[in-house]
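query-v7.cif (mmCIF, C-alpha atoms and all ligand atoms)
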```
data_input
loop_
_atom_site.label_atom_id
_atom_site.label_comp_id
_atom_site.auth_asym_id
_atom_site.auth_seq_id
_atom_site.Cartn_x
_atom_site.Cartn_y
_atom_site.Cartn_z
CA MET A 3 12.32 -167.06 -122.98
CA LYS A 4 14.31 -170.25 -123.22
CA ILE A 5 14.76 -171.58 -126.76
CA PHE A 6 15.00 -175.29 -127.48
CA LEU A 7 15.87 -176.76 -130.87
CA ASP A 8 13.25 -179.24 -132.07
CA THR A 9 15.42 -181.71 -133.94
CA ALA A 10 17.46 -184.91 -133.73
CA ASN A 11 19.80 -183.76 -136.49
CA ARG A 12 23.38 -183.62 -135.21
CA GLU A 13 24.65 -181.34 -137.98
CA TYR A 14 22.08 -178.67 -137.15
CA ILE A 15 22.76 -178.99 -133.43
CA LYS A 16 26.52 -178.72 -133.97
CA LYS A 17 26.03 -175.69 -136.20
CA LEU A 18 23.51 -173.80 -134.05
CA ILE A 19 24.55 -174.48 -130.43
CA PRO A 20 27.54 -172.07 -130.76
CA THR A 21 25.05 -169.19 -131.26
CA GLY A 22 24.82 -169.29 -127.47
CA VAL A 23 21.05 -168.78 -127.36
CA ILE A 24 19.87 -172.39 -127.48
CA ASP A 25 19.00 -173.76 -124.07
CA GLY A 26 18.05 -177.33 -124.90
CA VAL A 27 16.85 -179.82 -127.51
CA THR A 28 13.60 -181.71 -127.98
CA THR A 29 13.35 -184.90 -130.00
CA ASN A 30 10.45 -187.18 -130.78
CA PRO A 31 10.08 -190.51 -132.61
CA SER A 32 9.29 -188.76 -135.93
CA LEU A 33 12.42 -186.61 -135.71
CA LEU A 34 14.58 -189.58 -134.67
CA SER A 35 13.29 -191.72 -137.51
CA LYS A 36 14.85 -189.28 -139.99
CA GLU A 37 18.34 -189.81 -138.55
CA GLY A 38 18.92 -193.50 -139.31
CA SER A 39 18.67 -196.64 -137.24
CA ASP A 40 21.56 -196.11 -134.81
CA VAL A 41 19.35 -194.20 -132.41
CA LYS A 42 21.62 -194.82 -129.44
CA SER A 43 24.59 -193.10 -131.11
CA VAL A 44 22.41 -190.22 -132.27
CA LEU A 45 21.11 -189.66 -128.74
CA ARG A 46 24.53 -190.13 -127.14
CA ASP A 47 26.01 -187.49 -129.46
CA ILE A 48 23.15 -185.05 -128.90
CA CYS A 49 23.32 -185.36 -125.11
CA ALA A 50 27.08 -184.74 -125.25
CA MET A 51 26.77 -181.72 -127.58
CA VAL A 52 24.07 -179.96 -125.56
CA SER A 53 24.61 -178.83 -121.99
CA GLY A 54 20.90 -178.13 -121.39
CA PRO A 55 18.02 -180.59 -121.27
CA VAL A 56 17.46 -183.06 -124.13
CA SER A 57 13.97 -184.57 -124.36
CA VAL A 58 13.79 -188.21 -125.45
CA GLU A 59 10.37 -189.80 -125.90
CA VAL A 60 9.29 -193.26 -124.79
CA VAL A 61 8.24 -195.50 -127.66
CA GLU A 62 6.69 -198.29 -125.61
CA LYS A 63 2.89 -198.47 -125.38
CA HIS A 64 1.93 -200.58 -122.36
CA PRO A 65 2.05 -198.49 -119.15
CA ASP A 66 4.41 -200.96 -117.40
CA ALA A 67 6.76 -200.90 -120.38
CA VAL A 68 6.53 -197.09 -120.50
CA LEU A 69 7.56 -196.91 -116.84
CA LYS A 70 10.50 -199.26 -117.41
CA GLN A 71 11.67 -197.48 -120.55
CA ALA A 72 11.30 -194.08 -118.91
CA ARG A 73 13.76 -195.17 -116.23
CA GLU A 74 16.18 -196.43 -118.91
CA ILE A 75 15.96 -193.12 -120.74
CA ALA A 76 16.48 -191.18 -117.50
CA ALA A 77 19.64 -193.19 -116.80
CA PHE A 78 20.99 -192.62 -120.33
CA ALA A 79 22.53 -189.18 -119.70
CA LYS A 80 22.59 -186.56 -116.96
CA ASN A 81 20.80 -183.95 -119.07
CA VAL A 82 18.11 -186.22 -120.48
CA VAL A 83 14.42 -185.44 -119.95
CA VAL A 84 11.90 -188.24 -120.44
CA LYS A 85 9.10 -187.33 -122.82
CA ILE A 86 5.80 -189.15 -122.27
CA PRO A 87 2.61 -188.62 -124.29
CA PHE A 88 -0.40 -187.37 -122.35
CA ALA A 89 -2.78 -190.29 -121.67
CA LEU A 90 -4.98 -191.48 -118.83
CA GLU A 91 -3.25 -194.87 -118.69
CA TYR A 92 0.17 -193.25 -118.31
CA MET A 93 -0.84 -191.07 -115.34
CA PRO A 94 0.26 -193.61 -112.67
CA ALA A 95 3.67 -193.99 -114.36
CA ILE A 96 3.99 -190.21 -114.67
CA LYS A 97 3.20 -189.83 -110.97
CA THR A 98 5.71 -192.52 -109.94
CA LEU A 99 8.46 -191.02 -112.09
CA ALA A 100 7.76 -187.45 -111.00
CA ASP A 101 7.74 -188.54 -107.33
CA ASP A 102 11.13 -190.15 -107.95
CA GLY A 103 12.47 -186.80 -109.14
CA ILE A 104 12.83 -187.80 -112.80
CA ALA A 105 12.53 -184.82 -115.16
CA LEU A 106 9.52 -185.38 -117.42
CA ASN A 107 8.21 -183.57 -120.47
CA ILE A 108 4.55 -184.40 -121.10
CA THR A 109 3.93 -184.14 -124.81
CA LEU A 110 0.89 -183.97 -127.12
CA VAL A 111 -0.96 -181.70 -124.70
CA PHE A 112 -3.92 -180.07 -126.41
CA THR A 113 -6.10 -178.52 -123.70
CA PRO A 114 -5.50 -176.36 -120.63
CA LEU A 115 -7.09 -179.06 -118.45
CA GLN A 116 -4.70 -181.71 -119.75
CA ALA A 117 -1.90 -179.37 -118.69
CA LEU A 118 -3.54 -178.95 -115.27
CA MET A 119 -3.63 -182.73 -114.74
CA VAL A 120 0.10 -183.23 -115.24
CA ALA A 121 1.07 -180.00 -113.48
CA LYS A 122 -0.61 -181.50 -110.38
CA LEU A 123 1.86 -184.40 -110.61
CA GLY A 124 4.82 -182.01 -110.58
CA VAL A 125 6.24 -182.72 -114.04
CA ALA A 126 9.14 -180.54 -115.17
CA TYR A 127 7.77 -179.57 -118.63
CA ILE A 128 4.37 -179.53 -120.34
CA SER A 129 4.30 -179.32 -124.14
CA PRO A 130 1.22 -177.89 -125.85
CA PHE A 131 1.41 -178.35 -129.64
CA LEU A 132 0.55 -174.98 -131.14
CA GLY A 133 0.79 -175.72 -134.88
CA ARG A 134 -1.48 -178.72 -134.55
CA TRP A 135 -4.09 -176.57 -132.79
CA ASP A 136 -3.97 -174.15 -135.71
CA ASP A 137 -4.26 -177.09 -138.13
CA ILE A 138 -7.74 -177.80 -136.77
CA GLY A 139 -8.82 -174.16 -136.79
CA VAL A 140 -8.24 -173.42 -133.11
CA ASP A 141 -6.44 -170.25 -132.02
CA SER A 142 -3.27 -171.68 -130.51
CA ILE A 143 -2.18 -168.46 -128.81
CA ASP A 144 -5.54 -168.20 -127.04
CA LEU A 145 -5.24 -171.74 -125.76
CA LEU A 146 -1.62 -171.20 -124.74
CA GLU A 147 -2.63 -168.13 -122.74
CA GLN A 148 -5.47 -170.03 -121.06
CA THR A 149 -3.05 -172.83 -120.20
CA MET A 150 -0.52 -170.38 -118.74
CA SER A 151 -3.19 -168.51 -116.79
CA ILE A 152 -4.33 -171.69 -115.01
CA GLN A 153 -0.74 -172.63 -114.26
CA GLU A 154 -0.07 -169.19 -112.79
CA THR A 155 -3.30 -169.14 -110.76
CA TYR A 156 -2.29 -172.30 -108.95
CA ASP A 157 1.41 -171.48 -108.89
CA PHE A 158 2.52 -174.79 -110.42
CA ASP A 159 6.23 -175.40 -110.88
CA SER A 160 6.00 -177.04 -114.32
CA GLU A 161 7.45 -175.05 -117.20
CA ILE A 162 5.27 -174.60 -120.27
CA LEU A 163 7.11 -175.53 -123.44
CA ALA A 164 5.39 -174.23 -126.58
CA ALA A 165 5.90 -176.93 -129.23
CA SER A 166 4.93 -177.37 -132.87
CA VAL A 167 5.86 -173.74 -133.56
CA ARG A 168 6.11 -173.37 -137.32
CA THR A 169 6.28 -169.72 -138.35
CA ILE A 170 8.12 -166.58 -137.33
CA ILE A 171 4.84 -164.73 -136.61
CA GLN A 172 3.64 -167.58 -134.43
CA TRP A 173 6.97 -167.64 -132.58
CA GLN A 174 6.77 -163.87 -131.98
CA GLU A 175 3.24 -164.24 -130.63
CA VAL A 176 4.41 -167.09 -128.42
CA ALA A 177 7.21 -164.88 -127.09
CA GLN A 178 4.70 -162.12 -126.30
CA THR A 179 2.73 -164.49 -124.06
CA GLY A 180 5.75 -164.77 -121.77
CA VAL A 181 5.76 -168.57 -121.98
CA ASP A 182 8.76 -170.26 -120.36
CA ILE A 183 10.13 -172.06 -123.42
CA ALA A 184 9.55 -172.41 -127.16
CA THR A 185 10.98 -175.32 -129.11
CA VAL A 186 11.55 -174.54 -132.77
CA PRO A 187 12.79 -176.45 -135.82
CA PRO A 188 16.31 -175.47 -136.96
CA ALA A 189 15.05 -173.99 -140.24
CA LEU A 190 12.76 -171.62 -138.33
CA PHE A 191 15.57 -170.67 -135.95
CA GLU A 192 17.81 -169.83 -138.92
CA GLN A 193 15.09 -167.67 -140.47
CA VAL A 194 15.52 -165.16 -137.63
CA PHE A 195 19.04 -164.52 -138.87
CA LYS A 196 18.02 -164.01 -142.50
CA HIS A 197 16.55 -160.61 -143.15
CA PRO A 198 16.90 -158.76 -146.47
CA LEU A 199 17.34 -155.39 -144.75
CA THR A 200 20.04 -156.74 -142.44
CA GLU A 201 21.82 -158.33 -145.40
CA ARG A 202 21.49 -155.19 -147.55
CA GLY A 203 22.73 -153.05 -144.67
CA ILE A 204 25.83 -155.20 -144.22
CA ALA A 205 26.56 -155.00 -147.95
CA LEU A 206 26.17 -151.20 -147.94
CA PHE A 207 28.42 -150.73 -144.90
CA ASP A 208 31.02 -152.94 -146.56
CA ALA A 209 30.83 -151.10 -149.89
CA ASP A 210 31.30 -147.72 -148.15
CA TRP A 211 34.17 -149.05 -146.07
CA GLN A 212 35.93 -150.44 -149.15
CA LYS A 213 35.91 -146.93 -150.67
CA LEU A 214 38.45 -145.87 -148.03
CA GLY A 215 40.90 -148.46 -149.33
CA LYS A 216 42.22 -149.29 -145.86
CA THR A 217 43.30 -152.82 -144.91
CA SER A 218 42.49 -152.59 -141.21
CA LEU A 219 40.38 -150.42 -138.89
CA PHE A 220 43.20 -148.92 -136.81
CA GLU A 221 46.11 -148.86 -139.25
O1 LIG A 301 7.83 -180.32 -130.76
C1 LIG A 301 6.79 -180.97 -131.41
C2 LIG A 301 6.99 -180.94 -132.87
O2 LIG A 301 8.08 -181.72 -133.24
C3 LIG A 301 5.79 -181.27 -133.66
O3 LIG A 301 5.76 -180.36 -134.67
O4 LIG A 301 5.12 -179.40 -136.79
O5 LIG A 301 4.98 -181.89 -136.43
O6 LIG A 301 3.36 -180.37 -135.34
P1 LIG A 301 4.75 -180.52 -135.88
#
```
Could I get this file's structure written as structure tokens?
Amino acid sequence: MKIFLDTANREYIKKLIPTGVIDGVTTNPSLLSKEGSDVKSVLRDICAMVSGPVSVEVVEKHPDAVLKQAREIAAFAKNVVVKIPFALEYMPAIKTLADDGIALNITLVFTPLQALMVAKLGVAYISPFLGRWDDIGVDSIDLLEQTMSIQETYDFDSEILAASVRTIIQWQEVAQTGVDIATVPPALFEQVFKHPLTERGIALFDADWQKLGKTSLFE
């Protein structure tokens, strides 16, 4: 499973990329709005810090403006992926961009058939929003599995990117589905590394080692 960090926060990215297990970053307008008004610098820094794909979402509304902005975003950095919300009126732009070989991430996908529509256009990534399914009382893992099953049946090339993952249990269940990618907020990523038994075990090993009174392992 590839792991993307769902954030536009440079401090978190700088801190967590060296773990070696983060394969990319996803941003959206809500995440960017938390990082101040110099969006260009924020995105330039993120694209330079991350070697994998960095999703940047269009903020224009009219389909022609979306198409134009998508091309600007695509030209911004080599590793940038253009994020476009799923919508009927954006389908022609999505098709044009996908045909031109621009890497797209279709976001706000909430049904397996929505995923099917954009998979047919050959987009690089499709992002179902799991947490928001759960918010409305729908079993997100069920819907993710249905989405993946349709994709596999027709052998589409798009990668499924599980988004809006909010808890460790949900992330584990997502991993069990075999989905291509999960994007997770930094705080959730860090939770994996905080476990009371791991921490207690480290403290116990250290206490026992100190009893020997040695200054190095091989002295
Ligand atoms: O990747 C999508 C994510 O940023 C949305 O998460 O928790 O606002 O549904 P959430």
**Item:** Shell of 8 Å around ligand LIG 301 (chain A) (all atoms listed in the file), written as a VMD selection string
**Value:** chain A and resid 8 to 9 28 to 30 32 to 33 109 to 110 129 131 to 134 164 to 168 185 to 187
**Prompt:** From the set A:Thr200, A:Thr149, A:Ser57, A:Thr155, which residue has the shortest atom-to-atom contact distance to Asp25 in chain A, counting only C-alpha atoms?
**Reply:**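 Among A:Thr200, A:Thr149, A:Ser57, A:Thr155, it is A:Ser57 that comes nearest to Asp25 in chain A.
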**Item:** Among the residues A:Ile143, A:Asp136, A:Thr217, A:Lys17, the one that comes closest to Ala177 in chain A [using all atoms listed in the file]
**Value:**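 Of all the options, A:Ile143 lies closest to Ala177 in chain A.
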**CA of Phe88 in chain A to CA of Leu190 in chain A, straight-line distance in Å** =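 About the pair CA of Leu190 in chain A and CA of Phe88 in chain A: they are 26.0 Å apart.
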Please provide the set of residues having any atom within 12 Å of Asp102 in chain A, restricted to all atoms listed in the file, with same-chain residues fewer than 3 positions apart removed, written as a PDB file with C-alpha atoms, in the coordinates of the input.
```pdb
ATOM      1  CA  LEU A  69       7.560-196.910-116.840  1.00  0.00           C
ATOM      2  CA  ALA A  72      11.300-194.080-118.910  1.00  0.00           C
ATOM      3  CA  ARG A  73      13.760-195.170-116.230  1.00  0.00           C
ATOM      4  CA  ALA A  76      16.480-191.180-117.500  1.00  0.00           C
ATOM      5  CA  ALA A  95       3.670-193.990-114.360  1.00  0.00           C
ATOM      6  CA  ILE A  96       3.990-190.210-114.670  1.00  0.00           C
ATOM      7  CA  LYS A  97       3.200-189.830-110.970  1.00  0.00           C
ATOM      8  CA  THR A  98       5.710-192.520-109.940  1.00  0.00           C
ATOM      9  CA  LEU A  99       8.460-191.020-112.090  1.00  0.00           C
ATOM     10  CA  ALA A 105      12.530-184.820-115.160  1.00  0.00           C
ATOM     11  CA  LEU A 106       9.520-185.380-117.420  1.00  0.00           C
ATOM     12  CA  LEU A 123       1.860-184.400-110.610  1.00  0.00           C
ATOM     13  CA  GLY A 124       4.820-182.010-110.580  1.00  0.00           C
ATOM     14  CA  VAL A 125       6.240-182.720-114.040  1.00  0.00           C
TER      15      VAL A 125
END
```
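Nearest to Pro130 in chain A of all the residues A:Leu90, A:Val181, A:Ala100, A:Val84 is A:Val181, counting only C-alpha atoms.
Between CA of Arg46 in chain A and CA of Met93 in chain A there is a distance of 28.0 Å.
Reported to one decimal place, the separation of CA of Gly22 in chain A from CA of Ala205 in chain A is 25.0 Å.
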**Message:** I need the residue nearest Ile5 in chain A from this list: A:Glu74, A:Asp182, A:Glu37, A:Asp47. Use all atoms listed in the file for the distance.
**Reply:**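 Ranked by minimum distance to Ile5 in chain A, first place goes to A:Asp182.
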**Item:** Option closest in space to Leu163 in chain A, from A:Leu219, A:Asp101, A:Trp135, A:Asn107 [counting all atoms listed in the file]
**Value:**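 So, comparing all the options, the nearest one is A:Asn107.
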Just so I have it separately, write range 164-192 of chain A from the block I sent, keeping N, CA, C and O atoms, as a PDB file, in the first residue's frame.
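Okay, this is what ended up in decode-v7.pdb:
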```pdb
ATOM      1  N   ALA A 164      -7.733   5.916  -1.261  1.00  0.00           N
ATOM      2  CA  ALA A 164      -8.706   6.057  -0.162  1.00  0.00           C
ATOM      3  C   ALA A 164      -8.407   7.346   0.595  1.00  0.00           C
ATOM      4  O   ALA A 164      -7.324   7.505   1.175  1.00  0.00           O
ATOM      5  N   ALA A 165      -9.379   8.275   0.584  1.00  0.00           N
ATOM      6  CA  ALA A 165      -9.187   9.577   1.229  1.00  0.00           C
ATOM      7  C   ALA A 165     -10.172   9.731   2.379  1.00  0.00           C
ATOM      8  O   ALA A 165     -11.056   8.889   2.568  1.00  0.00           O
ATOM      9  N   SER A 166      -9.983  10.828   3.129  1.00  0.00           N
ATOM     10  CA  SER A 166     -10.837  11.085   4.291  1.00  0.00           C
ATOM     11  C   SER A 166     -10.795   9.894   5.259  1.00  0.00           C
ATOM     12  O   SER A 166     -11.802   9.461   5.785  1.00  0.00           O
ATOM     13  N   VAL A 167      -9.575   9.393   5.467  1.00  0.00           N
ATOM     14  CA  VAL A 167      -9.355   8.316   6.445  1.00  0.00           C
ATOM     15  C   VAL A 167      -9.052   8.997   7.775  1.00  0.00           C
ATOM     16  O   VAL A 167      -8.172   9.849   7.841  1.00  0.00           O
ATOM     17  N   ARG A 168      -9.792   8.636   8.811  1.00  0.00           N
ATOM     18  CA  ARG A 168      -9.696   9.428  10.048  1.00  0.00           C
ATOM     19  C   ARG A 168      -9.268   8.662  11.282  1.00  0.00           C
ATOM     20  O   ARG A 168      -8.912   9.269  12.280  1.00  0.00           O
ATOM     21  N   THR A 169      -9.370   7.336  11.258  1.00  0.00           N
ATOM     22  CA  THR A 169      -9.008   6.586  12.466  1.00  0.00           C
ATOM     23  C   THR A 169      -8.072   5.430  12.104  1.00  0.00           C
ATOM     24  O   THR A 169      -8.033   4.980  10.956  1.00  0.00           O
ATOM     25  N   ILE A 170      -7.369   4.965  13.131  1.00  0.00           N
ATOM     26  CA  ILE A 170      -6.443   3.846  12.939  1.00  0.00           C
ATOM     27  C   ILE A 170      -7.197   2.589  12.484  1.00  0.00           C
ATOM     28  O   ILE A 170      -6.775   1.895  11.558  1.00  0.00           O
ATOM     29  N   ILE A 171      -8.343   2.317  13.124  1.00  0.00           N
ATOM     30  CA  ILE A 171      -9.127   1.121  12.755  1.00  0.00           C
ATOM     31  C   ILE A 171      -9.546   1.211  11.288  1.00  0.00           C
ATOM     32  O   ILE A 171      -9.423   0.247  10.535  1.00  0.00           O
ATOM     33  N   GLN A 172     -10.026   2.386  10.907  1.00  0.00           N
ATOM     34  CA  GLN A 172     -10.463   2.565   9.520  1.00  0.00           C
ATOM     35  C   GLN A 172      -9.278   2.362   8.560  1.00  0.00           C
ATOM     36  O   GLN A 172      -9.412   1.697   7.528  1.00  0.00           O
ATOM     37  N   TRP A 173      -8.122   2.894   8.929  1.00  0.00           N
ATOM     38  CA  TRP A 173      -6.936   2.763   8.087  1.00  0.00           C
ATOM     39  C   TRP A 173      -6.550   1.280   7.951  1.00  0.00           C
ATOM     40  O   TRP A 173      -6.207   0.803   6.870  1.00  0.00           O
ATOM     41  N   GLN A 174      -6.612   0.551   9.077  1.00  0.00           N
ATOM     42  CA  GLN A 174      -6.299  -0.888   9.031  1.00  0.00           C
ATOM     43  C   GLN A 174      -7.262  -1.624   8.109  1.00  0.00           C
ATOM     44  O   GLN A 174      -6.870  -2.483   7.325  1.00  0.00           O
ATOM     45  N   GLU A 175      -8.548  -1.281   8.220  1.00  0.00           N
ATOM     46  CA  GLU A 175      -9.550  -1.927   7.359  1.00  0.00           C
ATOM     47  C   GLU A 175      -9.311  -1.568   5.889  1.00  0.00           C
ATOM     48  O   GLU A 175      -9.463  -2.415   5.006  1.00  0.00           O
ATOM     49  N   VAL A 176      -8.912  -0.337   5.660  1.00  0.00           N
ATOM     50  CA  VAL A 176      -8.586   0.098   4.291  1.00  0.00           C
ATOM     51  C   VAL A 176      -7.406  -0.731   3.769  1.00  0.00           C
ATOM     52  O   VAL A 176      -7.420  -1.215   2.639  1.00  0.00           O
ATOM     53  N   ALA A 177      -6.400  -0.918   4.614  1.00  0.00           N
ATOM     54  CA  ALA A 177      -5.222  -1.688   4.198  1.00  0.00           C
ATOM     55  C   ALA A 177      -5.608  -3.123   3.847  1.00  0.00           C
ATOM     56  O   ALA A 177      -5.090  -3.715   2.900  1.00  0.00           O
ATOM     57  N   GLN A 178      -6.557  -3.682   4.627  1.00  0.00           N
ATOM     58  CA  GLN A 178      -6.982  -5.065   4.372  1.00  0.00           C
ATOM     59  C   GLN A 178      -7.707  -5.232   3.033  1.00  0.00           C
ATOM     60  O   GLN A 178      -7.753  -6.326   2.496  1.00  0.00           O
ATOM     61  N   THR A 179      -8.276  -4.146   2.513  1.00  0.00           N
ATOM     62  CA  THR A 179      -8.958  -4.258   1.215  1.00  0.00           C
ATOM     63  C   THR A 179      -7.958  -4.417   0.081  1.00  0.00           C
ATOM     64  O   THR A 179      -8.322  -4.826  -1.014  1.00  0.00           O
ATOM     65  N   GLY A 180      -6.701  -4.049   0.332  1.00  0.00           N
ATOM     66  CA  GLY A 180      -5.700  -4.116  -0.734  1.00  0.00           C
ATOM     67  C   GLY A 180      -5.741  -2.911  -1.662  1.00  0.00           C
ATOM     68  O   GLY A 180      -5.198  -2.961  -2.767  1.00  0.00           O
ATOM     69  N   VAL A 181      -6.367  -1.828  -1.221  1.00  0.00           N
ATOM     70  CA  VAL A 181      -6.456  -0.624  -2.062  1.00  0.00           C
ATOM     71  C   VAL A 181      -5.053  -0.098  -2.384  1.00  0.00           C
ATOM     72  O   VAL A 181      -4.111  -0.336  -1.620  1.00  0.00           O
ATOM     73  N   ASP A 182      -4.933   0.581  -3.518  1.00  0.00           N
ATOM     74  CA  ASP A 182      -3.609   1.022  -3.972  1.00  0.00           C
ATOM     75  C   ASP A 182      -2.950   2.007  -3.009  1.00  0.00           C
ATOM     76  O   ASP A 182      -1.764   1.892  -2.708  1.00  0.00           O
ATOM     77  N   ILE A 183      -3.737   3.002  -2.556  1.00  0.00           N
ATOM     78  CA  ILE A 183      -3.164   4.108  -1.777  1.00  0.00           C
ATOM     79  C   ILE A 183      -4.148   4.529  -0.677  1.00  0.00           C
ATOM     80  O   ILE A 183      -5.358   4.482  -0.890  1.00  0.00           O
ATOM     81  N   ALA A 184      -3.608   4.959   0.456  1.00  0.00           N
ATOM     82  CA  ALA A 184      -4.430   5.663   1.448  1.00  0.00           C
ATOM     83  C   ALA A 184      -3.741   6.988   1.720  1.00  0.00           C
ATOM     84  O   ALA A 184      -2.509   7.042   1.864  1.00  0.00           O
ATOM     85  N   THR A 185      -4.529   8.060   1.767  1.00  0.00           N
ATOM     86  CA  THR A 185      -3.955   9.340   2.177  1.00  0.00           C
ATOM     87  C   THR A 185      -4.460   9.638   3.581  1.00  0.00           C
ATOM     88  O   THR A 185      -5.652   9.509   3.870  1.00  0.00           O
ATOM     89  N   VAL A 186      -3.527   9.982   4.461  1.00  0.00           N
ATOM     90  CA  VAL A 186      -3.886  10.132   5.882  1.00  0.00           C
ATOM     91  C   VAL A 186      -3.352  11.446   6.438  1.00  0.00           C
ATOM     92  O   VAL A 186      -2.274  11.905   6.049  1.00  0.00           O
ATOM     93  N   PRO A 187      -4.089  12.047   7.367  1.00  0.00           N
ATOM     94  CA  PRO A 187      -3.583  13.273   8.003  1.00  0.00           C
ATOM     95  C   PRO A 187      -2.339  12.953   8.838  1.00  0.00           C
ATOM     96  O   PRO A 187      -2.209  11.833   9.358  1.00  0.00           O
ATOM     97  N   PRO A 188      -1.419  13.928   8.974  1.00  0.00           N
ATOM     98  CA  PRO A 188      -0.184  13.690   9.727  1.00  0.00           C
ATOM     99  C   PRO A 188      -0.428  13.171  11.143  1.00  0.00           C
ATOM    100  O   PRO A 188       0.298  12.292  11.616  1.00  0.00           O
ATOM    101  N   ALA A 189      -1.445  13.698  11.821  1.00  0.00           N
ATOM    102  CA  ALA A 189      -1.683  13.265  13.206  1.00  0.00           C
ATOM    103  C   ALA A 189      -2.037  11.781  13.255  1.00  0.00           C
ATOM    104  O   ALA A 189      -1.639  11.069  14.185  1.00  0.00           O
ATOM    105  N   LEU A 190      -2.758  11.300  12.266  1.00  0.00           N
ATOM    106  CA  LEU A 190      -3.111   9.875  12.224  1.00  0.00           C
ATOM    107  C   LEU A 190      -1.867   9.034  11.911  1.00  0.00           C
ATOM    108  O   LEU A 190      -1.637   7.988  12.529  1.00  0.00           O
ATOM    109  N   PHE A 191      -1.046   9.529  10.994  1.00  0.00           N
ATOM    110  CA  PHE A 191       0.202   8.832  10.667  1.00  0.00           C
ATOM    111  C   PHE A 191       1.058   8.678  11.919  1.00  0.00           C
ATOM    112  O   PHE A 191       1.583   7.599  12.209  1.00  0.00           O
ATOM    113  N   GLU A 192       1.162   9.759  12.690  1.00  0.00           N
ATOM    114  CA  GLU A 192       2.010   9.725  13.895  1.00  0.00           C
ATOM    115  C   GLU A 192       1.472   8.773  14.950  1.00  0.00           C
ATOM    116  O   GLU A 192       2.240   8.197  15.722  1.00  0.00           O
TER     117      GLU A 192
END
```
